[in-house]
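The next block is my_file-v3.cif, given as mmCIF, C-alpha atoms.
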```
data_protein
#
loop_
_atom_site.label_atom_id
_atom_site.label_comp_id
_atom_site.auth_asym_id
_atom_site.auth_seq_id
_atom_site.Cartn_x
_atom_site.Cartn_y
_atom_site.Cartn_z
CA GLY A 1 0.00 0.00 0.00
CA ASN A 2 0.91 3.66 -0.09
CA SER A 3 3.06 5.09 2.68
CA VAL A 4 5.12 8.13 3.60
CA THR A 5 8.24 8.14 5.73
CA GLN A 6 9.64 11.37 7.08
CA MET A 7 12.49 12.10 9.39
CA GLU A 8 11.81 11.87 13.08
CA GLY A 9 11.89 15.02 15.09
CA PRO A 10 12.11 17.11 16.95
CA VAL A 11 14.41 19.34 14.96
CA THR A 12 15.83 22.37 16.74
CA LEU A 13 17.57 25.08 14.72
CA SER A 14 18.86 28.56 15.30
CA GLU A 15 17.29 31.42 13.40
CA GLU A 16 18.67 31.79 9.84
CA ALA A 17 19.88 28.19 9.75
CA PHE A 18 19.25 25.93 6.73
CA LEU A 19 16.41 23.44 7.05
CA THR A 20 15.98 20.05 5.43
CA ILE A 21 13.20 17.64 6.38
CA ASN A 22 13.49 14.36 4.51
CA CYS A 23 10.44 12.63 3.07
CA THR A 24 10.28 9.45 1.02
CA TYR A 25 7.21 7.66 -0.25
CA THR A 26 5.91 4.36 -1.54
CA ALA A 27 3.03 4.46 -3.98
CA THR A 28 1.49 2.09 -6.49
CA GLY A 29 0.38 4.76 -8.95
CA TYR A 30 1.40 8.31 -9.80
CA PRO A 31 0.90 10.25 -6.60
CA SER A 32 0.66 13.94 -5.97
CA LEU A 33 2.87 15.06 -3.09
CA PHE A 34 2.17 17.65 -0.44
CA TRP A 35 3.72 19.35 2.55
CA TYR A 36 1.26 20.53 5.19
CA VAL A 37 2.14 22.60 8.26
CA GLN A 38 0.38 22.62 11.61
CA TYR A 39 1.02 25.59 13.87
CA PRO A 40 0.33 25.16 17.59
CA GLY A 41 -3.37 24.82 18.32
CA GLU A 42 -4.38 25.06 14.69
CA GLY A 43 -5.47 22.82 11.84
CA LEU A 44 -3.33 21.81 8.90
CA GLN A 45 -2.48 24.28 6.15
CA LEU A 46 -1.08 23.43 2.76
CA LEU A 47 2.50 24.66 2.49
CA LEU A 48 3.29 23.45 -1.03
CA LYS A 49 2.59 20.66 -3.47
CA ALA A 50 3.84 18.97 -6.62
CA THR A 51 1.69 16.85 -8.89
CA LYS A 52 4.19 15.22 -11.24
CA ALA A 53 7.81 14.14 -11.39
CA ASP A 54 10.41 16.92 -11.40
CA ASP A 55 7.86 19.53 -10.35
CA LYS A 56 9.08 21.93 -7.69
CA GLY A 57 6.64 23.29 -5.17
CA SER A 58 7.50 26.50 -3.35
CA ASN A 59 5.89 28.86 -0.87
CA LYS A 60 7.07 31.26 1.86
CA GLY A 61 10.72 30.40 1.14
CA PHE A 62 10.12 26.66 1.41
CA GLU A 63 10.82 24.37 -1.54
CA ALA A 64 10.46 20.69 -2.37
CA THR A 65 11.14 18.82 -5.61
CA TYR A 66 9.24 15.70 -6.64
CA ARG A 67 11.95 13.11 -7.38
CA LYS A 68 10.48 9.97 -8.89
CA GLU A 69 13.85 8.22 -9.23
CA THR A 70 14.50 8.44 -5.48
CA THR A 71 10.79 8.53 -4.47
CA SER A 72 11.50 11.60 -2.38
CA PHE A 73 10.02 15.02 -1.67
CA HIS A 74 12.41 16.67 0.78
CA LEU A 75 11.43 20.03 2.27
CA GLU A 76 14.07 22.78 2.35
CA LYS A 77 14.33 26.38 3.45
CA GLY A 78 17.44 28.47 3.24
CA SER A 79 16.94 30.59 6.35
CA VAL A 80 14.41 29.65 9.00
CA GLN A 81 12.63 32.08 11.30
CA VAL A 82 11.17 31.66 14.76
CA SER A 83 7.73 31.90 13.16
CA ASP A 84 8.45 28.68 11.21
CA SER A 85 8.23 26.67 14.43
CA ALA A 86 5.49 24.11 13.76
CA VAL A 87 4.88 20.48 12.87
CA TYR A 88 5.45 19.61 9.20
CA PHE A 89 3.67 16.73 7.50
CA CYS A 90 4.60 15.15 4.21
CA ALA A 91 1.64 13.53 2.44
CA LEU A 92 0.66 11.85 -0.78
CA SER A 93 -2.57 11.45 -2.69
CA ASP A 94 -2.80 8.60 -5.15
CA GLN A 95 -5.78 8.10 -7.43
CA ARG A 96 -7.05 4.58 -7.24
CA ASN A 97 -9.41 2.80 -9.58
CA SER A 98 -12.50 4.22 -7.96
CA GLY A 99 -11.13 7.73 -7.94
CA ASN A 100 -10.93 8.07 -4.19
CA THR A 101 -8.06 10.19 -3.07
CA PRO A 102 -7.47 10.41 0.66
CA LEU A 103 -4.19 11.79 1.90
CA VAL A 104 -1.64 9.43 3.39
CA PHE A 105 0.49 11.31 5.92
CA GLY A 106 3.90 10.84 7.40
CA LYS A 107 4.19 10.98 11.18
CA GLY A 108 5.15 14.64 11.21
CA THR A 109 8.35 16.46 12.12
CA ARG A 110 8.31 19.05 14.88
CA LEU A 111 10.53 22.04 14.14
CA SER A 112 11.60 24.48 16.82
CA VAL A 113 13.51 27.59 15.79
CA ILE A 114 15.28 29.53 18.52
CA ALA A 115 16.36 33.17 18.29
CA ASP B 1 -8.90 30.79 7.66
CA SER B 2 -9.42 27.81 5.36
CA GLY B 3 -13.16 28.32 4.96
CA VAL B 4 -13.89 24.92 6.50
CA THR B 5 -15.78 25.09 9.78
CA GLN B 6 -16.08 22.44 12.43
CA THR B 7 -18.20 22.31 15.54
CA PRO B 8 -17.79 21.88 18.40
CA LYS B 9 -14.16 22.86 19.03
CA HIS B 10 -13.94 20.76 22.17
CA LEU B 11 -15.99 17.85 23.42
CA ILE B 12 -15.66 16.02 26.72
CA THR B 13 -17.74 12.93 27.26
CA ALA B 14 -17.75 9.59 29.03
CA THR B 15 -17.05 6.07 27.84
CA GLY B 16 -20.03 4.39 26.21
CA GLN B 17 -21.54 7.66 25.02
CA ARG B 18 -22.27 8.85 21.49
CA VAL B 19 -21.26 12.16 19.95
CA THR B 20 -21.74 13.94 16.63
CA LEU B 21 -19.11 16.11 15.01
CA ARG B 22 -20.16 18.56 12.34
CA CYS B 23 -18.30 19.98 9.36
CA SER B 24 -19.18 22.60 6.76
CA PRO B 25 -16.93 22.52 3.70
CA ARG B 26 -15.60 25.52 1.80
CA SER B 27 -18.14 27.12 -0.44
CA GLY B 28 -18.23 25.21 -3.72
CA ASP B 29 -16.34 22.15 -2.51
CA LEU B 30 -18.15 18.89 -3.16
CA SER B 31 -15.83 16.44 -1.42
CA VAL B 32 -15.42 16.08 2.34
CA TYR B 33 -12.85 14.00 4.19
CA TRP B 34 -12.57 13.03 7.85
CA TYR B 35 -9.24 12.38 9.55
CA GLN B 36 -8.28 11.38 13.07
CA GLN B 37 -5.10 12.68 14.70
CA SER B 38 -3.79 10.91 17.78
CA LEU B 39 -0.40 10.73 19.42
CA ASP B 40 0.12 7.03 18.78
CA GLN B 41 -1.48 6.67 15.33
CA GLY B 42 -0.65 10.05 13.80
CA LEU B 43 -2.99 11.37 11.11
CA GLN B 44 -5.29 8.68 9.78
CA PHE B 45 -7.87 8.92 7.04
CA LEU B 46 -11.33 7.79 8.12
CA ILE B 47 -13.80 8.40 5.30
CA GLN B 48 -14.46 10.49 2.18
CA TYR B 49 -17.71 11.73 0.69
CA TYR B 50 -18.37 13.29 -2.67
CA ASN B 51 -21.62 15.14 -3.33
CA GLY B 52 -23.51 13.12 -0.76
CA GLU B 53 -22.12 9.70 -1.60
CA GLU B 54 -19.44 7.72 0.19
CA ARG B 55 -16.35 7.50 -1.99
CA ALA B 56 -13.64 5.94 0.16
CA LYS B 57 -13.23 4.31 3.53
CA GLY B 58 -10.05 4.19 5.54
CA ASN B 59 -9.38 2.99 9.05
CA ILE B 60 -12.85 3.80 10.30
CA LEU B 61 -14.19 1.67 13.12
CA GLU B 62 -17.62 0.07 12.83
CA ARG B 63 -18.70 2.17 15.83
CA PHE B 64 -18.12 5.26 13.70
CA SER B 65 -20.32 6.42 10.86
CA ALA B 66 -20.66 9.52 8.74
CA GLN B 67 -22.86 11.11 6.16
CA GLN B 68 -22.89 14.09 3.84
CA PHE B 69 -26.16 15.96 3.50
CA PRO B 70 -27.71 17.63 0.42
CA ASP B 71 -26.36 21.01 1.56
CA LEU B 72 -22.91 19.30 1.56
CA HIS B 73 -22.23 19.60 5.26
CA SER B 74 -21.08 16.39 6.88
CA GLU B 75 -21.44 14.74 10.25
CA LEU B 76 -19.25 12.13 11.89
CA ASN B 77 -21.00 10.01 14.50
CA LEU B 78 -18.92 8.23 17.12
CA SER B 79 -20.72 5.74 19.34
CA SER B 80 -19.89 3.41 22.24
CA LEU B 81 -16.95 5.66 22.90
CA GLU B 82 -13.76 4.26 24.40
CA LEU B 83 -10.83 6.00 26.04
CA GLY B 84 -8.76 5.35 22.95
CA ASP B 85 -11.12 7.42 20.82
CA SER B 86 -9.76 10.56 22.43
CA ALA B 87 -8.15 12.46 19.57
CA LEU B 88 -8.34 15.48 17.32
CA TYR B 89 -10.80 14.97 14.47
CA PHE B 90 -10.27 17.00 11.33
CA CYS B 91 -12.56 17.60 8.45
CA ALA B 92 -11.14 18.65 5.09
CA SER B 93 -12.76 19.58 1.80
CA SER B 94 -11.76 19.85 -1.84
CA GLU B 95 -13.51 20.86 -5.04
CA GLN B 96 -13.99 17.56 -6.80
CA GLY B 97 -12.03 15.09 -4.68
CA GLY B 98 -9.28 14.70 -7.27
CA PRO B 99 -5.74 13.54 -6.38
CA ARG B 100 -4.04 16.76 -7.44
CA GLU B 101 -6.38 19.04 -5.52
CA THR B 102 -5.50 20.75 -2.29
CA GLN B 103 -7.49 19.59 0.68
CA TYR B 104 -8.45 22.46 2.99
CA PHE B 105 -8.60 21.54 6.65
CA GLY B 106 -10.85 22.82 9.38
CA PRO B 107 -9.56 23.70 12.86
CA GLY B 108 -10.56 20.33 14.25
CA THR B 109 -12.69 19.01 17.09
CA ARG B 110 -10.78 17.86 20.14
CA LEU B 111 -12.55 14.89 21.72
CA LEU B 112 -11.73 13.75 25.22
CA VAL B 113 -13.33 10.54 26.46
CA LEU B 114 -13.15 10.09 30.23
#
```
Structure rendered as structure tokens:
Amino acid sequence: GNSVTQMEGPVTLSEEAFLTINCTYTATGYPSLFWYVQYPGEGLQLLLKATKADDKGSNKGFEATYRKETTSFHLEKGSVQVSDSAVYFCALSDQRNSGNTPLVFGKGTRLSVIA
Amino acid sequence: DSGVTQTPKHLITATGQRVTLRCSPRSGDLSVYWYQQSLDQGLQFLIQYYNGEERAKGNILERFSAQQFPDLHSELNLSSLELGDSALYFCASSEQGGPRETQYFGPGTRLLVL
């Protein structure tokens, strides 16, 4: 079945440090890939997405490239801020025969950025 | 604000009871999803509806049921509650339920079973 594996947290970085959160996936079809972010006490918000191989998603300084050859979708940001402290979820959506498309999530990576 | 609303925000109840969680999707979205977030299981898909019809089922217990009404709002019914049902329940919606679409999440209902 489909699955997502992302690096375990927590990750603690100083402000302006470089961030990488690794994400790899297993899928039977041609999935779309997503990064969602959950700020404390809030629901999930889409951060970025990519719907086909070699696509790069980007938003708010975050980037991730859909790599089919390595089945990866690593999240990167060049210079993190305290306001980026949150839990980050990698997810995939894979269309099955019946067209249903729930998201399969990784376990989440908690990021803490200290000033 | 995602445009998805969920009520109530918090719910405290006792084992054996039944509760109903309500979700209103974004205006124009036809597909609704329910997810459960717990510390041990992470984020798990429960069930998906599209325009009133069930489209997909995930790890939803038989004690749980859901429906989507003609006005597209959805309700998740949890019965014979157990301590382990304590979790955050999210509703999400998307336009047509397609794999490339963004799912927009509500703020969640936090359920505590005592």
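Here atom CA of B:Leu76 stands at a distance of 12.6 Å from atom CA of B:Leu88.
If you count only C-alpha atoms and ignore residues fewer than 5 places along the chain from stretch 103-109 of chain A, what sits within 7 Å of it is A:Ser3, A:Val4, A:Thr5, A:Gln6, A:Met7, A:Glu8, A:Gly9, A:Pro10, A:Val87, A:Tyr88, A:Phe89, A:Cys90, A:Ala91, A:Leu92, A:Ser93, B:Gly42, B:Leu43, B:Phe45.
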Hey, list the chain B side of the contact with chain A: 12 Å cut-off, all atoms listed in the file, answer as number ranges by chain.
B: 1-6, 9-10, 31-50, 53-59, 88-94, 96-110
Spatial neighbours of stretch 68-85 of chain A, max dist 6 Å, all atoms listed in the file, sep filter under 2 positions, as an mmCIF file with C-alpha atoms, keeping the file's coordinate frame:
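Result went into around-v6.cif, see below:
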```cif
data_model
loop_
_atom_site.group_PDB
_atom_site.id
_atom_site.type_symbol
_atom_site.label_atom_id
_atom_site.label_comp_id
_atom_site.auth_asym_id
_atom_site.auth_seq_id
_atom_site.Cartn_x
_atom_site.Cartn_y
_atom_site.Cartn_z
ATOM 1 C CA GLU A 15 17.290 31.420 13.400
ATOM 2 C CA GLU A 16 18.670 31.790 9.840
ATOM 3 C CA ALA A 17 19.880 28.190 9.750
ATOM 4 C CA PHE A 18 19.250 25.930 6.730
ATOM 5 C CA LEU A 19 16.410 23.440 7.050
ATOM 6 C CA THR A 20 15.980 20.050 5.430
ATOM 7 C CA ILE A 21 13.200 17.640 6.380
ATOM 8 C CA ASN A 22 13.490 14.360 4.510
ATOM 9 C CA CYS A 23 10.440 12.630 3.070
ATOM 10 C CA THR A 24 10.280 9.450 1.020
ATOM 11 C CA TYR A 25 7.210 7.660 -0.250
ATOM 12 C CA ALA A 53 7.810 14.140 -11.390
ATOM 13 C CA GLY A 61 10.720 30.400 1.140
ATOM 14 C CA PHE A 62 10.120 26.660 1.410
ATOM 15 C CA GLU A 63 10.820 24.370 -1.540
ATOM 16 C CA ALA A 64 10.460 20.690 -2.370
ATOM 17 C CA THR A 65 11.140 18.820 -5.610
ATOM 18 C CA TYR A 66 9.240 15.700 -6.640
ATOM 19 C CA LEU A 111 10.530 22.040 14.140
ATOM 20 C CA SER A 112 11.600 24.480 16.820
ATOM 21 C CA VAL A 113 13.510 27.590 15.790
ATOM 22 C CA ILE A 114 15.280 29.530 18.520
#
```
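Between atom CA of B:Asp29 and atom CA of B:Gly52 the interatomic distance comes to 11.7 Å.
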